[in-house]
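So this one's coords.txt, compact mmCIF, C-alpha atoms:
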# COMPACT_ATOMS: atom_id res chain seq x y z
CA MET A 1 77.55 -175.31 55.92
CA ALA A 2 79.03 -171.95 54.84
CA ALA A 3 82.74 -171.57 55.57
CA LYS A 4 82.17 -168.65 57.95
CA GLU A 5 79.88 -170.72 60.19
CA LYS A 6 82.53 -173.34 60.75
CA THR A 7 83.93 -173.72 64.24
CA LEU A 8 87.06 -174.92 65.97
CA GLU A 9 85.24 -178.19 66.67
CA ASP A 10 84.89 -178.73 62.90
CA LEU A 11 88.60 -178.04 62.50
CA PHE A 12 89.42 -180.43 65.35
CA LEU A 13 87.33 -183.21 63.79
CA MET A 14 88.99 -182.63 60.40
CA GLY A 15 92.43 -182.83 62.03
CA LEU A 16 91.52 -186.05 63.84
CA LYS A 17 90.42 -187.67 60.56
CA ASP A 18 93.63 -186.51 58.91
CA ILE A 19 95.95 -188.03 61.54
CA TYR A 20 93.80 -191.19 61.81
CA TYR A 21 94.33 -191.76 58.07
CA ALA A 22 98.02 -190.90 58.48
CA GLU A 23 98.51 -193.43 61.32
CA LYS A 24 96.94 -196.18 59.21
CA GLN A 25 99.34 -195.39 56.37
CA ILE A 26 102.26 -195.38 58.80
CA LEU A 27 101.18 -198.79 60.16
CA ARG A 28 101.47 -200.13 56.62
CA ALA A 29 104.81 -198.44 55.88
CA LEU A 30 106.71 -199.41 59.04
CA PRO A 31 107.06 -203.17 58.35
CA LYS A 32 108.50 -202.35 54.91
CA MET A 33 110.96 -199.94 56.47
CA ALA A 34 111.92 -202.53 59.12
CA LYS A 35 112.50 -205.12 56.40
CA ALA A 36 114.69 -202.72 54.41
CA ALA A 37 116.84 -201.56 57.37
CA GLU A 38 120.44 -202.78 57.37
CA SER A 39 121.20 -202.33 61.06
CA ASP A 40 119.53 -204.39 63.79
CA GLU A 41 119.00 -201.29 65.95
CA LEU A 42 117.10 -199.46 63.24
CA ARG A 43 114.98 -202.51 62.40
CA GLN A 44 114.17 -202.90 66.10
CA ALA A 45 113.25 -199.21 66.36
CA PHE A 46 110.80 -199.53 63.47
CA GLU A 47 109.26 -202.70 64.93
CA THR A 48 108.82 -201.12 68.36
CA HIS A 49 107.30 -198.04 66.81
CA ARG A 50 104.84 -200.17 64.85
CA GLU A 51 103.52 -201.61 68.10
CA GLU A 52 103.32 -198.12 69.62
CA THR A 53 101.44 -196.89 66.56
CA GLU A 54 98.71 -199.49 67.17
CA GLY A 55 98.18 -198.00 70.62
CA GLN A 56 98.09 -194.50 69.10
CA VAL A 57 95.34 -195.55 66.69
CA GLU A 58 93.33 -196.83 69.67
CA ARG A 59 93.78 -193.52 71.51
CA LEU A 60 92.49 -191.68 68.44
CA GLU A 61 89.44 -193.95 68.43
CA GLN A 62 88.82 -192.99 72.07
CA VAL A 63 89.02 -189.30 71.13
CA PHE A 64 86.46 -189.81 68.33
CA GLU A 65 84.24 -191.49 70.92
CA LEU A 66 84.61 -188.56 73.33
CA LEU A 67 83.44 -186.30 70.48
CA GLY A 68 80.49 -188.65 69.81
CA LYS A 69 81.74 -189.25 66.26
CA ARG A 70 82.56 -192.36 64.28
CA ALA A 71 86.33 -192.99 63.83
CA GLN A 72 86.96 -192.21 60.20
CA GLY A 73 90.00 -191.27 58.11
CA LYS A 74 90.33 -188.50 55.54
CA THR A 75 92.99 -188.66 52.84
CA CYS A 76 96.06 -186.83 54.10
CA GLU A 77 98.18 -185.66 51.18
CA ALA A 78 101.02 -184.62 53.45
CA ILE A 79 101.65 -188.11 54.84
CA GLN A 80 101.24 -189.58 51.37
CA GLY A 81 103.99 -187.29 50.10
CA ILE A 82 106.27 -188.03 53.06
CA ILE A 83 105.83 -191.81 52.71
CA GLU A 84 106.28 -191.58 48.93
CA GLU A 85 109.65 -189.88 49.45
CA GLY A 86 110.63 -192.68 51.83
CA LYS A 87 109.74 -195.28 49.19
CA GLU A 88 111.87 -193.48 46.60
CA ILE A 89 114.84 -193.59 48.97
CA MET A 90 114.32 -197.32 49.61
CA GLU A 91 114.37 -197.92 45.85
CA ASP A 92 117.12 -195.47 44.85
CA PHE A 93 119.46 -196.44 47.68
CA ALA A 94 118.71 -200.19 47.95
CA ASP A 95 121.78 -202.10 49.21
CA SER A 96 123.86 -198.90 49.29
CA GLU A 97 125.95 -197.68 52.24
CA ALA A 98 123.52 -194.75 52.61
CA LEU A 99 120.30 -196.77 52.88
CA ASP A 100 119.94 -196.62 56.67
CA ALA A 101 120.75 -192.90 56.71
CA GLY A 102 117.94 -192.41 54.19
CA LEU A 103 115.51 -194.57 56.17
CA LEU A 104 116.30 -192.60 59.33
CA ALA A 105 115.59 -189.34 57.48
CA ALA A 106 112.28 -190.63 56.14
CA ALA A 107 111.23 -191.84 59.59
CA GLN A 108 112.14 -188.52 61.21
CA SER A 109 110.00 -186.64 58.68
CA VAL A 110 107.10 -188.90 59.61
CA GLU A 111 107.71 -188.28 63.32
CA HIS A 112 107.88 -184.51 62.89
CA TYR A 113 104.67 -184.51 60.90
CA GLU A 114 103.00 -186.35 63.76
CA ILE A 115 104.57 -184.12 66.42
CA SER A 116 103.16 -181.02 64.71
CA ARG A 117 99.70 -182.58 64.28
CA TYR A 118 99.38 -184.02 67.78
CA GLY A 119 100.69 -180.77 69.31
CA THR A 120 98.03 -178.84 67.42
CA LEU A 121 95.23 -181.30 68.24
CA ARG A 122 96.17 -181.31 71.94
CA THR A 123 96.04 -177.49 72.00
CA TRP A 124 92.68 -177.43 70.21
CA ALA A 125 91.27 -180.01 72.66
CA GLN A 126 92.32 -177.68 75.50
CA GLU A 127 90.76 -174.67 73.71
CA LEU A 128 87.54 -176.71 73.37
CA GLY A 129 87.64 -177.62 77.07
CA MET A 130 88.01 -181.34 76.27
CA GLN A 131 90.53 -182.27 78.95
CA ASP A 132 90.25 -186.05 78.53
CA ALA A 133 90.89 -185.80 74.80
CA ALA A 134 93.80 -183.42 75.45
CA LYS A 135 95.35 -185.99 77.82
CA LEU A 136 95.13 -188.83 75.29
CA LEU A 137 96.64 -186.66 72.56
CA GLU A 138 99.41 -185.52 74.92
CA GLU A 139 100.34 -189.15 75.66
CA THR A 140 100.81 -189.88 71.98
CA LEU A 141 102.68 -186.60 71.47
CA GLU A 142 105.20 -187.63 74.14
CA GLU A 143 105.66 -191.05 72.50
CA GLU A 144 106.32 -189.44 69.12
CA LYS A 145 108.88 -187.08 70.63
CA LYS A 146 110.67 -190.01 72.28
CA THR A 147 110.73 -191.93 69.01
CA ASP A 148 112.20 -188.89 67.25
CA GLN A 149 114.90 -188.61 69.94
CA LEU A 150 115.76 -192.30 69.55
CA LEU A 151 116.09 -191.85 65.77
CA THR A 152 118.31 -188.79 66.32
CA GLN A 153 120.53 -190.89 68.60
CA LEU A 154 120.81 -193.60 65.95
CA ALA A 155 121.70 -190.97 63.31
CA GLU A 156 124.33 -189.38 65.56
CA ALA A 157 125.82 -192.78 66.42
CA ARG A 158 126.53 -193.18 62.69
CA VAL A 159 128.45 -189.89 62.66
CA ASN A 160 130.44 -190.89 65.73
CA ARG A 161 131.31 -194.30 64.30
CA LYS A 162 132.51 -192.59 61.13
CA ALA A 163 134.58 -190.10 63.14
CA ALA A 164 136.19 -192.96 65.09
CA ALA A 165 136.89 -195.03 61.97
CA MET B 1 124.64 -195.55 38.61
CA ALA B 2 123.44 -198.74 40.31
CA ALA B 3 121.62 -198.19 43.60
CA LYS B 4 124.23 -200.09 45.60
CA GLU B 5 127.03 -197.77 44.42
CA LYS B 6 125.26 -194.72 45.73
CA THR B 7 126.84 -192.87 48.63
CA LEU B 8 125.87 -190.61 51.48
CA GLU B 9 127.01 -187.67 49.34
CA ASP B 10 124.38 -188.62 46.73
CA LEU B 11 121.76 -188.77 49.48
CA PHE B 12 122.93 -185.39 50.84
CA LEU B 13 122.67 -183.78 47.39
CA MET B 14 119.19 -185.26 46.90
CA GLY B 15 118.11 -183.90 50.27
CA LEU B 16 119.47 -180.44 49.45
CA LYS B 17 117.51 -180.36 46.18
CA ASP B 18 114.39 -181.47 48.01
CA ILE B 19 114.54 -178.73 50.66
CA TYR B 20 115.61 -176.11 48.08
CA TYR B 21 112.42 -176.85 46.14
CA ALA B 22 110.44 -176.85 49.39
CA GLU B 23 111.78 -173.43 50.45
CA LYS B 24 110.79 -171.94 47.09
CA GLN B 25 107.25 -173.28 47.52
CA ILE B 26 107.14 -171.92 51.06
CA LEU B 27 108.26 -168.49 49.78
CA ARG B 28 105.23 -168.50 47.49
CA ALA B 29 102.79 -169.75 50.15
CA LEU B 30 103.71 -167.37 53.00
CA PRO B 31 102.33 -164.12 51.47
CA LYS B 32 98.98 -165.89 50.87
CA MET B 33 98.94 -167.10 54.47
CA ALA B 34 99.81 -163.59 55.72
CA LYS B 35 96.98 -162.11 53.66
CA ALA B 36 94.50 -164.66 55.02
CA ALA B 37 95.48 -164.27 58.70
CA GLU B 38 92.90 -162.55 60.90
CA SER B 39 95.21 -161.46 63.73
CA ASP B 40 97.95 -158.87 63.30
CA GLU B 41 100.42 -160.99 65.27
CA LEU B 42 99.98 -163.99 63.01
CA ARG B 43 100.23 -161.87 59.85
CA GLN B 44 103.40 -160.30 61.20
CA ALA B 45 104.84 -163.74 62.04
CA PHE B 46 104.27 -164.92 58.47
CA GLU B 47 105.80 -161.76 57.00
CA THR B 48 108.88 -162.01 59.21
CA HIS B 49 109.28 -165.66 58.34
CA ARG B 50 109.08 -164.87 54.64
CA GLU B 51 112.10 -162.58 54.98
CA GLU B 52 113.94 -165.24 56.98
CA THR B 53 113.14 -167.82 54.31
CA GLU B 54 114.91 -165.70 51.69
CA GLY B 55 118.07 -165.90 53.81
CA GLN B 56 117.59 -169.66 54.18
CA VAL B 57 117.44 -170.06 50.39
CA GLU B 58 120.72 -168.14 50.14
CA ARG B 59 122.35 -170.41 52.73
CA LEU B 60 121.27 -173.44 50.72
CA GLU B 61 122.87 -171.89 47.64
CA GLN B 62 126.10 -171.55 49.61
CA VAL B 63 125.92 -175.23 50.58
CA PHE B 64 125.46 -176.23 46.92
CA GLU B 65 128.52 -174.12 46.14
CA LEU B 66 130.56 -175.85 48.86
CA LEU B 67 129.62 -179.15 47.20
CA GLY B 68 130.65 -177.76 43.80
CA LYS B 69 127.12 -178.31 42.47
CA ARG B 70 124.60 -176.05 40.80
CA ALA B 71 121.69 -175.01 43.07
CA GLN B 72 118.73 -176.94 41.77
CA GLY B 73 115.36 -178.03 43.14
CA LYS B 74 113.73 -181.45 42.94
CA THR B 75 109.98 -181.82 43.30
CA CYS B 76 109.20 -182.52 46.95
CA GLU B 77 105.86 -184.29 47.26
CA ALA B 78 105.86 -183.93 51.03
CA ILE B 79 105.85 -180.13 51.02
CA GLN B 80 103.32 -180.11 48.19
CA GLY B 81 100.98 -182.20 50.34
CA ILE B 82 101.54 -180.05 53.42
CA ILE B 83 100.92 -176.80 51.51
CA GLU B 84 97.88 -178.32 49.78
CA GLU B 85 96.35 -179.10 53.18
CA GLY B 86 96.97 -175.50 54.22
CA LYS B 87 95.17 -174.24 51.11
CA GLU B 88 92.17 -176.47 51.87
CA ILE B 89 91.96 -174.99 55.36
CA MET B 90 92.12 -171.43 53.96
CA GLU B 91 89.21 -172.26 51.65
CA ASP B 92 87.09 -174.38 53.97
CA PHE B 93 87.47 -172.06 56.96
CA ALA B 94 87.52 -168.67 55.21
CA ASP B 95 86.11 -165.92 57.48
CA SER B 96 85.37 -168.45 60.22
CA GLU B 97 86.38 -168.16 63.89
CA ALA B 98 88.74 -171.11 63.39
CA LEU B 99 90.70 -169.71 60.43
CA ASP B 100 93.74 -168.52 62.38
CA ALA B 101 93.88 -171.78 64.35
CA GLY B 102 93.97 -173.63 61.03
CA LEU B 103 96.64 -171.34 59.59
CA LEU B 104 98.78 -171.85 62.69
CA ALA B 105 98.45 -175.63 62.31
CA ALA B 106 99.42 -175.51 58.64
CA ALA B 107 102.43 -173.33 59.38
CA GLN B 108 103.59 -175.61 62.20
CA SER B 109 103.47 -178.62 59.88
CA VAL B 110 105.67 -176.72 57.45
CA GLU B 111 108.11 -175.82 60.24
CA HIS B 112 108.32 -179.39 61.50
CA TYR B 113 108.96 -180.68 58.00
CA GLU B 114 111.84 -178.22 57.73
CA ILE B 115 113.15 -179.02 61.21
CA SER B 116 113.36 -182.71 60.34
CA ARG B 117 115.04 -182.05 56.99
CA TYR B 118 117.57 -179.51 58.23
CA GLY B 119 118.39 -181.70 61.23
CA THR B 120 119.08 -184.60 58.91
CA LEU B 121 121.10 -182.53 56.42
CA ARG B 122 123.19 -181.01 59.22
CA THR B 123 123.98 -184.50 60.57
CA TRP B 124 124.88 -185.79 57.08
CA ALA B 125 127.16 -182.78 56.50
CA GLN B 126 128.96 -183.69 59.75
CA GLU B 127 129.17 -187.35 58.69
CA LEU B 128 130.68 -186.17 55.38
CA GLY B 129 133.20 -183.98 57.23
CA MET B 130 131.72 -180.80 55.68
CA GLN B 131 131.89 -178.53 58.74
CA ASP B 132 131.10 -175.26 56.89
CA ALA B 133 128.00 -176.75 55.34
CA ALA B 134 126.97 -178.19 58.71
CA LYS B 135 127.26 -174.72 60.26
CA LEU B 136 125.06 -173.08 57.61
CA LEU B 137 122.43 -175.81 57.97
CA GLU B 138 122.54 -175.51 61.76
CA GLU B 139 121.85 -171.75 61.54
CA THR B 140 118.72 -172.37 59.52
CA LEU B 141 117.67 -175.22 61.81
CA GLU B 142 117.80 -172.87 64.80
CA GLU B 143 115.70 -170.26 62.95
CA GLU B 144 113.08 -172.86 62.09
CA LYS B 145 112.90 -174.03 65.70
CA LYS B 146 112.46 -170.43 66.89
CA THR B 147 109.67 -169.87 64.38
CA ASP B 148 107.94 -173.04 65.56
CA GLN B 149 108.20 -171.85 69.17
CA LEU B 150 106.69 -168.47 68.24
CA LEU B 151 103.80 -170.22 66.48
CA THR B 152 103.28 -172.43 69.56
CA GLN B 153 103.12 -169.29 71.73
CA LEU B 154 100.52 -167.73 69.42
CA ALA B 155 98.46 -170.95 69.54
CA GLU B 156 98.66 -171.13 73.35
CA ALA B 157 97.72 -167.45 73.67
CA ARG B 158 94.44 -168.34 71.92
CA VAL B 159 93.72 -171.03 74.53
CA ASN B 160 94.49 -168.63 77.39
CA ARG B 161 92.29 -165.89 75.94
CA LYS B 162 89.47 -168.41 75.63
CA ALA B 163 89.98 -169.61 79.23
CA ALA B 164 89.86 -166.00 80.49
CA ALA B 165 86.77 -165.08 78.45

Would you mind writing the structure in this file as structure tokens?
Amino acid sequence: MAAKEKTLEDLFLMGLKDIYYAEKQILRALPKMAKAAESDELRQAFETHREETEGQVERLEQVFELLGKRAQGKTCEAIQGIIEEGKEIMEDFADSEALDAGLLAAAQSVEHYEISRYGTLRTWAQELGMQDAAKLLEETLEEEKKTDQLLTQLAEARVNRKAAA
Amino acid sequence: MAAKEKTLEDLFLMGLKDIYYAEKQILRALPKMAKAAESDELRQAFETHREETEGQVERLEQVFELLGKRAQGKTCEAIQGIIEEGKEIMEDFADSEALDAGLLAAAQSVEHYEISRYGTLRTWAQELGMQDAAKLLEETLEEEKKTDQLLTQLAEARVNRKAAA
């Protein structure tokens, strides 16, 4: 198919495959991040988010079904780069006082990547008139935003503890 | 230096180098995105953001100075991946009806990466008691959030035009 004949539906399907691959990578990264975390709260946040991510993968599979397409991932270089940076932090800052701060930063980059992708996919679903798909994507978008807010709270609590010390 | 001796200041410096490299890559990508954009509004948004990005690079240089360190980039695989995905969209969807939608998505991923990084760096600067640095990083964070909101408005305007057509 020539580039100029491509449609928004093609772009939507490409975006779905991208985030489906990304979610699978995130599912694999979260247990490692939970294991590395020093604080109980951060470990708990990663474990909870892993469970949520399983539900998000299922929602994506429902959206593929609504499109009449097979659920399929497509290598997403962005999430690979983001997760790679997280791994570097886990290695470079192992057992250091800054490890949890670094893990929080890595997790927030992941969340923001997802927020941008789900926001875009939700808008495209609306543009394509696919209201059911838009609703599923919106649900996940709201979960990702909540997770990001929780991580922000954990990061700010560190600052406040330091200020009080 | 052993990993366990590393401090939050080391992490902060690493994060600064990462986003400094990222901003330089973004400065190079934005003119290509502006040239590719179909709509005048989107082209204008990219051009305006390129000018803003120059100011953001200068602010980062001031933060390096406050730390007493030389401004220096460090390869950021995350931004490389995000920009690479944007390039693929520009190629795969050249001259198609979905090109601008794809460009908007790529730009919003870039913005969200920056929002997460600047949010983190601002919080670390506060934790380190570096109020001047925190202020500079906060200014850029607010600019990035505004740019993301503008891009969201442009994306929603597409949906509304389609609904009215």

Closest contacts (chain B/chain A, max 6 Å, all atoms listed in the file) as a tab-separated table:
residue	atom	partner	partner_atom	distance
B:Ala3	CA	A:Phe93	CA	4.9
B:Lys4	CA	A:Ser96	CA	3.9
B:Glu5	CA	A:Ser96	CA	5.9
B:Lys6	CA	A:Ser96	CA	5.7
B:Thr7	CA	A:Ala98	CA	5.5
B:Leu8	CA	A:Ala98	CA	4.9
B:Glu77	CA	A:Gly81	CA	4.5
B:Ala78	CA	A:Gly81	CA	4.0
B:Gly81	CA	A:Ala78	CA	3.9
B:Ile82	CA	A:Ala78	CA	4.6
B:Asp92	CA	A:Ala3	CA	5.4
B:Phe93	CA	A:Ala3	CA	5.0
B:Ala94	CA	A:Ala3	CA	5.6
B:Asp95	CA	A:Lys4	CA	4.8
B:Ser96	CA	A:Lys4	CA	3.9
B:Ala98	CA	A:Leu8	CA	4.9
B:Gln108	CA	A:Ser116	CA	6.0
B:Ser109	CA	A:Ser116	CA	5.4
B:His112	CA	A:His112	CA	5.3
B:Ser116	CA	A:Ser109	CA	5.4
B:Glu127	CA	A:Val159	CA	4.8
B:Val159	CA	A:Glu127	CA	4.8

Worksheet entry | Computed interatomic separation between CA of Ala164 in chain B and CA of Gln62 in chain A (Å) |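 That distance, rounded to one decimal, is 28.3 Å.
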
Worksheet item: When you draw a straight line from CA of His49 in chain B to CA of Glu144 in chain A, how long is it in Å?
Response: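 Going from CA of His49 in chain B over to CA of Glu144 in chain A, I get 26.3 Å.
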
Fill in: Shell of 7 Å around range 29-41 of chain B, all atoms listed in the file, local chain residues under 5 positions omitted, as number ranges by chain
B: 46-47, 50, 100

Fill in: Residues within 12 Å of (88.2, -185.9, 77.4), counting only C-alpha atoms, listed as a list of chain:residue names
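Nearby residues: A:Arg59, A:Leu60, A:Gln62, A:Val63, A:Phe64, A:Glu65, A:Leu66, A:Leu67, A:Gly68, A:Arg122, A:Trp124, A:Ala125, A:Gln126, A:Leu128, A:Gly129, A:Met130, A:Gln131, A:Asp132, A:Ala133, A:Ala134, A:Lys135, A:Leu136, A:Leu137, A:Glu138.
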
Resulting file, chosen residues, C-alpha atoms, as a compact mmCIF listing (two decimals), in the coordinates of the input:
# COMPACT_ATOMS: atom_id res chain seq x y z
CA ARG A 59 93.78 -193.52 71.51
CA LEU A 60 92.49 -191.68 68.44
CA GLN A 62 88.82 -192.99 72.07
CA VAL A 63 89.02 -189.30 71.13
CA PHE A 64 86.46 -189.81 68.33
CA GLU A 65 84.24 -191.49 70.92
CA LEU A 66 84.61 -188.56 73.33
CA LEU A 67 83.44 -186.30 70.48
CA GLY A 68 80.49 -188.65 69.81
CA ARG A 122 96.17 -181.31 71.94
CA TRP A 124 92.68 -177.43 70.21
CA ALA A 125 91.27 -180.01 72.66
CA GLN A 126 92.32 -177.68 75.50
CA LEU A 128 87.54 -176.71 73.37
CA GLY A 129 87.64 -177.62 77.07
CA MET A 130 88.01 -181.34 76.27
CA GLN A 131 90.53 -182.27 78.95
CA ASP A 132 90.25 -186.05 78.53
CA ALA A 133 90.89 -185.80 74.80
CA ALA A 134 93.80 -183.42 75.45
CA LYS A 135 95.35 -185.99 77.82
CA LEU A 136 95.13 -188.83 75.29
CA LEU A 137 96.64 -186.66 72.56
CA GLU A 138 99.41 -185.52 74.92

Discussion item. Please report the interatomic distance between CA of Gln72 in chain A and CA of Gln56 in chain A in Å with one decimal.
Written reply: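 Computed distance, CA of Gln72 in chain A to CA of Gln56 in chain A, equals 14.4 Å.
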
Worksheet entry | Nearest candidate to Gln25 in chain B (options B:Leu154, B:Leu141, B:Ala165, B:Val57; using all atoms listed in the file) | B:Val57
